[in-house]
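Trainee: Just one file: structure_3.txt, with compact mmCIF, C-alpha atoms.
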```txt
# COMPACT_ATOMS: atom_id res chain seq x y z
CA MET A 27 -29.41 -0.07 -14.68
CA GLY A 28 -26.43 1.32 -12.75
CA GLU A 29 -22.92 0.36 -13.65
CA THR A 30 -21.17 -2.03 -11.28
CA PRO A 31 -18.49 -0.09 -9.42
CA ARG A 32 -14.91 -1.01 -10.23
CA ARG A 33 -13.23 -3.04 -7.53
CA ILE A 34 -10.40 -1.33 -5.66
CA ARG A 35 -7.06 -2.61 -7.04
CA VAL A 36 -4.37 -2.99 -4.40
CA LEU A 37 -0.72 -3.69 -5.15
CA MET A 38 0.95 -5.23 -2.08
CA ALA A 39 4.73 -5.11 -1.93
CA LYS A 40 7.63 -6.04 0.34
CA PRO A 41 10.39 -3.54 -0.48
CA GLY A 42 13.99 -3.98 0.51
CA LEU A 43 15.83 -7.00 1.82
CA ASP A 44 13.31 -8.02 4.47
CA GLY A 45 12.19 -11.60 3.86
CA HIS A 46 9.26 -11.79 6.27
CA ASP A 47 5.97 -11.52 4.44
CA ARG A 48 3.42 -13.22 6.68
CA GLY A 49 1.79 -9.88 7.62
CA ALA A 50 1.63 -8.75 3.99
CA LYS A 51 -0.02 -12.04 3.01
CA VAL A 52 -2.55 -11.81 5.87
CA VAL A 53 -3.52 -8.26 4.85
CA ALA A 54 -3.63 -9.21 1.16
CA ARG A 55 -5.98 -12.10 1.93
CA ALA A 56 -8.24 -9.90 4.09
CA LEU A 57 -8.46 -7.24 1.36
CA ARG A 58 -9.22 -9.90 -1.24
CA ASP A 59 -11.90 -11.42 1.02
CA ALA A 60 -13.40 -7.91 1.32
CA GLY A 61 -13.87 -7.81 -2.46
CA MET A 62 -10.76 -5.93 -3.53
CA GLU A 63 -8.47 -7.06 -6.30
CA VAL A 64 -5.01 -7.69 -4.83
CA ILE A 65 -1.75 -8.11 -6.68
CA TYR A 66 1.17 -9.26 -4.53
CA THR A 67 4.58 -8.49 -6.00
CA GLY A 68 6.53 -10.74 -3.66
CA LEU A 69 9.69 -10.18 -1.67
CA ARG A 70 12.65 -7.88 -2.16
CA GLN A 71 11.13 -5.35 -4.55
CA SER A 72 12.79 -2.03 -5.32
CA PRO A 73 10.73 1.18 -5.24
CA GLU A 74 11.16 1.35 -9.03
CA GLN A 75 9.77 -2.18 -9.49
CA ILE A 76 6.86 -1.46 -7.14
CA VAL A 77 5.77 1.75 -8.86
CA ALA A 78 6.22 0.24 -12.33
CA ALA A 79 3.99 -2.68 -11.30
CA ALA A 80 1.41 -0.30 -9.82
CA GLU A 81 1.33 1.63 -13.08
CA GLN A 82 1.10 -1.52 -15.20
CA GLU A 83 -1.65 -3.00 -13.01
CA ASP A 84 -3.61 0.27 -12.85
CA ALA A 85 -3.52 0.06 -9.05
CA ASP A 86 -5.54 2.39 -6.85
CA VAL A 87 -3.47 1.56 -3.78
CA ILE A 88 0.12 0.62 -3.06
CA GLY A 89 0.44 -1.23 0.21
CA LEU A 90 3.99 -1.45 1.54
CA SER A 91 4.97 -3.86 4.29
CA ILE A 92 8.24 -2.72 5.85
CA LEU A 93 9.95 -4.33 8.82
CA SER A 94 13.55 -3.38 8.02
CA GLY A 95 13.71 0.12 9.47
CA ALA A 96 14.20 1.67 6.03
CA HIS A 97 10.61 2.96 5.87
CA LEU A 98 11.46 6.67 5.49
CA ALA A 99 13.87 6.19 2.59
CA ILE A 100 11.65 3.60 0.86
CA CYS A 101 8.45 5.62 1.22
CA ARG A 102 10.17 8.82 0.11
CA ARG A 103 11.40 7.09 -3.07
CA VAL A 104 8.09 5.34 -3.80
CA LEU A 105 6.19 8.62 -3.42
CA GLU A 106 8.71 10.46 -5.62
CA LEU A 107 8.23 7.85 -8.34
CA VAL A 108 4.45 7.92 -7.98
CA SER A 109 4.56 11.68 -8.50
CA GLU A 110 7.05 11.48 -11.40
CA ARG A 111 4.82 9.00 -13.23
CA GLY A 112 1.71 11.11 -12.71
CA LEU A 113 -0.02 8.51 -10.54
CA ASP A 114 -1.57 11.21 -8.37
CA ASP A 115 -4.70 9.17 -7.61
CA VAL A 116 -2.71 6.23 -6.20
CA ARG A 117 -2.74 6.15 -2.42
CA VAL A 118 0.19 4.66 -0.52
CA PHE A 119 -0.39 2.81 2.74
CA VAL A 120 2.38 1.43 4.94
CA GLY A 121 2.35 -1.31 7.52
CA GLY A 122 5.03 -2.81 9.67
CA ILE A 123 7.42 -1.91 12.40
CA ILE A 124 7.33 1.87 12.24
CA PRO A 125 8.47 3.99 15.20
CA SER A 126 5.63 6.30 16.26
CA GLN A 127 7.90 9.36 15.96
CA ASP A 128 8.28 8.65 12.21
CA ILE A 129 4.55 8.55 11.45
CA PRO A 130 4.11 12.36 11.11
CA GLU A 131 7.02 12.51 8.64
CA LEU A 132 5.58 9.62 6.61
CA LYS A 133 2.22 11.38 6.43
CA GLU A 134 3.93 14.63 5.46
CA LEU A 135 5.63 12.75 2.61
CA GLY A 136 2.19 11.67 1.40
CA VAL A 137 1.56 8.27 3.00
CA ALA A 138 -2.22 7.93 3.41
CA GLU A 139 -2.08 5.80 6.57
CA VAL A 140 0.37 3.82 8.68
CA PHE A 141 -0.63 0.50 10.25
CA LEU A 142 1.41 -0.79 13.17
CA PRO A 143 1.78 -4.39 14.38
CA GLY A 144 -1.49 -5.58 15.88
CA ALA A 145 -3.65 -3.43 13.60
CA SER A 146 -6.92 -5.16 12.85
CA THR A 147 -7.45 -6.29 9.27
CA ARG A 148 -10.97 -4.85 9.64
CA ASP A 149 -9.41 -1.45 10.32
CA VAL A 150 -7.17 -1.78 7.26
CA ILE A 151 -10.16 -2.71 5.08
CA ARG A 152 -12.26 0.16 6.48
CA VAL A 153 -9.52 2.76 5.91
CA VAL A 154 -8.85 1.60 2.34
CA GLU A 155 -12.56 1.47 1.48
CA THR A 156 -13.19 4.87 3.06
CA ALA A 157 -10.40 6.36 0.95
CA PHE A 158 -12.36 5.33 -2.16
CA GLU A 159 -15.96 6.06 -1.24
CA ALA A 160 -17.61 7.83 -4.11
CA PRO A 161 -18.91 11.31 -3.38
CA VAL A 162 -22.67 11.38 -3.00
```
Could you show the structure in this file as structure tokens?
Mentor:
Amino acid sequence: MGETPRRIRVLMAKPGLDGHDRGAKVVARALRDAGMEVIYTGLRQSPEQIVAAAEQEDADVIGLSILSGAHLAICRRVLELVSERGLDDVRVFVGGIIPSQDIPELKELGVAEVFLPGASTRDVIRVVETAFEAPV
């Protein structure tokens, strides 16, 4: 009998001082409904707190919801910490109000995907699942 595949573990976080988390909660619920294990860290988390939680929770994905405009600095720091801690298999996804001209730089930093306002939760689920499909 085959082994049941491990569920994708997603750590959702709201870095910085932004207090609006409706979008993060909607995405977290959709990912959970799709069978993923979701840990939500809550509001006002520092990059250090986020990466420490991802390491402790053995997360496969860090999902950042950023509406404050500090996405470049926050993502840069999160990705630095991910690298420093040897979490090379952890993928970082970002959603929120991100100017389109910043998306190439975010991807160059190592962000797996950027989701803008209005992105379908089905698209988010598909992209996260696709990132973890086992090679045949």
Trainee: Give me the residues within 9 Å of Leu57 in chain A as a list in words, counting all atoms listed in the file and dropping any in the same chain fewer than 4 places off.
Mentor: Val36, Val52, Val53, Gly61, Met62, Glu63, Val64, Thr147, Arg148, Val150, Ile151 and Val154 of chain A
Trainee: With all atoms listed in the file as the atoms that count, which of A:His97, A:Arg55, A:Arg33, A:Lys40 lies nearest to Asp84 in chain A?
Mentor: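 Residue with the minimum atom-to-atom distance to Asp84 in chain A: A:Arg33.
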Trainee: May I ask which of the residues A:Leu93, A:Phe119, A:Glu106, A:Glu81 is the closest one to Met38 in chain A, counting only C-alpha atoms?
Mentor: A:Phe119
Trainee: Just want the 9 Å neighbourhood of Ser72 in chain A, counted on all atoms listed in the file, with same-chain residues fewer than 3 positions away dropped. Output as a compact mmCIF listing (two decimals) with C-alpha atoms, in the frame of the given file.
Mentor:
```txt
# COMPACT_ATOMS: atom_id res chain seq x y z
CA LYS A 40 7.63 -6.04 0.34
CA PRO A 41 10.39 -3.54 -0.48
CA GLY A 42 13.99 -3.98 0.51
CA GLN A 75 9.77 -2.18 -9.49
CA ILE A 76 6.86 -1.46 -7.14
CA VAL A 77 5.77 1.75 -8.86
CA ILE A 100 11.65 3.60 0.86
CA VAL A 104 8.09 5.34 -3.80
```
Trainee: Report as a PyMOL selection string all protein, DNA and RNA residues lying within 12 Å of Lys133 in chain A, evaluated on all atoms listed in the file, omitting residues in the same chain fewer than 5 positions from it.
Mentor: chain A and resi 97-98+101-102+105+117-120+126-128+138-141
Trainee: Output as a PDB file, in the frame of the given file: range 62-91 of chain A, completed with N, CA and C atoms.
Mentor:
```
ATOM      1  N   MET A  62     -11.737  -6.708  -2.762  1.00  0.00           N
ATOM      2  CA  MET A  62     -10.760  -5.930  -3.530  1.00  0.00           C
ATOM      3  C   MET A  62      -9.930  -6.868  -4.401  1.00  0.00           C
ATOM      4  N   GLU A  63      -9.384  -6.307  -5.459  1.00  0.00           N
ATOM      5  CA  GLU A  63      -8.470  -7.060  -6.300  1.00  0.00           C
ATOM      6  C   GLU A  63      -7.066  -6.792  -5.781  1.00  0.00           C
ATOM      7  N   VAL A  64      -6.337  -7.849  -5.447  1.00  0.00           N
ATOM      8  CA  VAL A  64      -5.010  -7.690  -4.830  1.00  0.00           C
ATOM      9  C   VAL A  64      -3.952  -8.359  -5.694  1.00  0.00           C
ATOM     10  N   ILE A  65      -2.909  -7.604  -5.965  1.00  0.00           N
ATOM     11  CA  ILE A  65      -1.750  -8.110  -6.680  1.00  0.00           C
ATOM     12  C   ILE A  65      -0.589  -8.071  -5.701  1.00  0.00           C
ATOM     13  N   TYR A  66       0.030  -9.211  -5.459  1.00  0.00           N
ATOM     14  CA  TYR A  66       1.170  -9.260  -4.530  1.00  0.00           C
ATOM     15  C   TYR A  66       2.442  -9.428  -5.335  1.00  0.00           C
ATOM     16  N   THR A  67       3.362  -8.478  -5.193  1.00  0.00           N
ATOM     17  CA  THR A  67       4.580  -8.490  -6.000  1.00  0.00           C
ATOM     18  C   THR A  67       5.657  -9.425  -5.468  1.00  0.00           C
ATOM     19  N   GLY A  68       5.523  -9.859  -4.226  1.00  0.00           N
ATOM     20  CA  GLY A  68       6.530 -10.740  -3.660  1.00  0.00           C
ATOM     21  C   GLY A  68       7.608  -9.979  -2.911  1.00  0.00           C
ATOM     22  N   LEU A  69       8.621 -10.718  -2.513  1.00  0.00           N
ATOM     23  CA  LEU A  69       9.690 -10.180  -1.670  1.00  0.00           C
ATOM     24  C   LEU A  69      10.741  -9.401  -2.453  1.00  0.00           C
ATOM     25  N   ARG A  70      11.438  -8.559  -1.704  1.00  0.00           N
ATOM     26  CA  ARG A  70      12.650  -7.880  -2.160  1.00  0.00           C
ATOM     27  C   ARG A  70      12.463  -7.034  -3.417  1.00  0.00           C
ATOM     28  N   GLN A  71      11.428  -6.212  -3.409  1.00  0.00           N
ATOM     29  CA  GLN A  71      11.130  -5.350  -4.550  1.00  0.00           C
ATOM     30  C   GLN A  71      11.744  -3.965  -4.335  1.00  0.00           C
ATOM     31  N   SER A  72      12.259  -3.392  -5.396  1.00  0.00           N
ATOM     32  CA  SER A  72      12.790  -2.030  -5.320  1.00  0.00           C
ATOM     33  C   SER A  72      11.619  -1.052  -5.478  1.00  0.00           C
ATOM     34  N   PRO A  73      11.772   0.179  -5.005  1.00  0.00           N
ATOM     35  CA  PRO A  73      10.730   1.180  -5.240  1.00  0.00           C
ATOM     36  C   PRO A  73      10.380   1.310  -6.731  1.00  0.00           C
ATOM     37  N   GLU A  74      11.393   1.240  -7.587  1.00  0.00           N
ATOM     38  CA  GLU A  74      11.160   1.350  -9.030  1.00  0.00           C
ATOM     39  C   GLU A  74      10.294   0.193  -9.535  1.00  0.00           C
ATOM     40  N   GLN A  75      10.577  -1.020  -9.075  1.00  0.00           N
ATOM     41  CA  GLN A  75       9.770  -2.180  -9.490  1.00  0.00           C
ATOM     42  C   GLN A  75       8.336  -2.055  -8.979  1.00  0.00           C
ATOM     43  N   ILE A  76       8.184  -1.580  -7.750  1.00  0.00           N
ATOM     44  CA  ILE A  76       6.860  -1.460  -7.140  1.00  0.00           C
ATOM     45  C   ILE A  76       6.004  -0.456  -7.911  1.00  0.00           C
ATOM     46  N   VAL A  77       6.541   0.715  -8.181  1.00  0.00           N
ATOM     47  CA  VAL A  77       5.770   1.750  -8.860  1.00  0.00           C
ATOM     48  C   VAL A  77       5.499   1.353 -10.309  1.00  0.00           C
ATOM     49  N   ALA A  78       6.451   0.713 -10.964  1.00  0.00           N
ATOM     50  CA  ALA A  78       6.220   0.240 -12.330  1.00  0.00           C
ATOM     51  C   ALA A  78       5.084  -0.788 -12.349  1.00  0.00           C
ATOM     52  N   ALA A  79       5.069  -1.681 -11.382  1.00  0.00           N
ATOM     53  CA  ALA A  79       3.990  -2.680 -11.300  1.00  0.00           C
ATOM     54  C   ALA A  79       2.655  -2.009 -11.016  1.00  0.00           C
ATOM     55  N   ALA A  80       2.649  -1.017 -10.140  1.00  0.00           N
ATOM     56  CA  ALA A  80       1.410  -0.300  -9.820  1.00  0.00           C
ATOM     57  C   ALA A  80       0.854   0.389 -11.068  1.00  0.00           C
ATOM     58  N   GLU A  81       1.746   0.971 -11.848  1.00  0.00           N
ATOM     59  CA  GLU A  81       1.330   1.630 -13.080  1.00  0.00           C
ATOM     60  C   GLU A  81       0.788   0.614 -14.082  1.00  0.00           C
ATOM     61  N   GLN A  82       1.503  -0.481 -14.255  1.00  0.00           N
ATOM     62  CA  GLN A  82       1.100  -1.520 -15.200  1.00  0.00           C
ATOM     63  C   GLN A  82      -0.227  -2.157 -14.795  1.00  0.00           C
ATOM     64  N   GLU A  83      -0.436  -2.348 -13.507  1.00  0.00           N
ATOM     65  CA  GLU A  83      -1.650  -3.000 -13.010  1.00  0.00           C
ATOM     66  C   GLU A  83      -2.802  -2.039 -12.781  1.00  0.00           C
ATOM     67  N   ASP A  84      -2.591  -0.753 -13.059  1.00  0.00           N
ATOM     68  CA  ASP A  84      -3.610   0.270 -12.850  1.00  0.00           C
ATOM     69  C   ASP A  84      -4.125   0.235 -11.410  1.00  0.00           C
ATOM     70  N   ALA A  85      -3.184   0.173 -10.473  1.00  0.00           N
ATOM     71  CA  ALA A  85      -3.520   0.060  -9.050  1.00  0.00           C
ATOM     72  C   ALA A  85      -4.076   1.373  -8.510  1.00  0.00           C
ATOM     73  N   ASP A  86      -5.005   1.243  -7.583  1.00  0.00           N
ATOM     74  CA  ASP A  86      -5.540   2.390  -6.850  1.00  0.00           C
ATOM     75  C   ASP A  86      -4.742   2.625  -5.581  1.00  0.00           C
ATOM     76  N   VAL A  87      -4.163   1.549  -5.073  1.00  0.00           N
ATOM     77  CA  VAL A  87      -3.470   1.560  -3.780  1.00  0.00           C
ATOM     78  C   VAL A  87      -2.154   0.822  -3.913  1.00  0.00           C
ATOM     79  N   ILE A  88      -1.123   1.361  -3.279  1.00  0.00           N
ATOM     80  CA  ILE A  88       0.120   0.620  -3.060  1.00  0.00           C
ATOM     81  C   ILE A  88       0.200   0.385  -1.566  1.00  0.00           C
ATOM     82  N   GLY A  89       0.271  -0.861  -1.190  1.00  0.00           N
ATOM     83  CA  GLY A  89       0.440  -1.230   0.210  1.00  0.00           C
ATOM     84  C   GLY A  89       1.854  -1.733   0.416  1.00  0.00           C
ATOM     85  N   LEU A  90       2.606  -1.060   1.263  1.00  0.00           N
ATOM     86  CA  LEU A  90       3.990  -1.450   1.540  1.00  0.00           C
ATOM     87  C   LEU A  90       4.078  -2.069   2.922  1.00  0.00           C
ATOM     88  N   SER A  91       4.712  -3.219   3.009  1.00  0.00           N
ATOM     89  CA  SER A  91       4.970  -3.860   4.290  1.00  0.00           C
ATOM     90  C   SER A  91       6.460  -3.756   4.548  1.00  0.00           C
TER      91      SER A  91
END
```
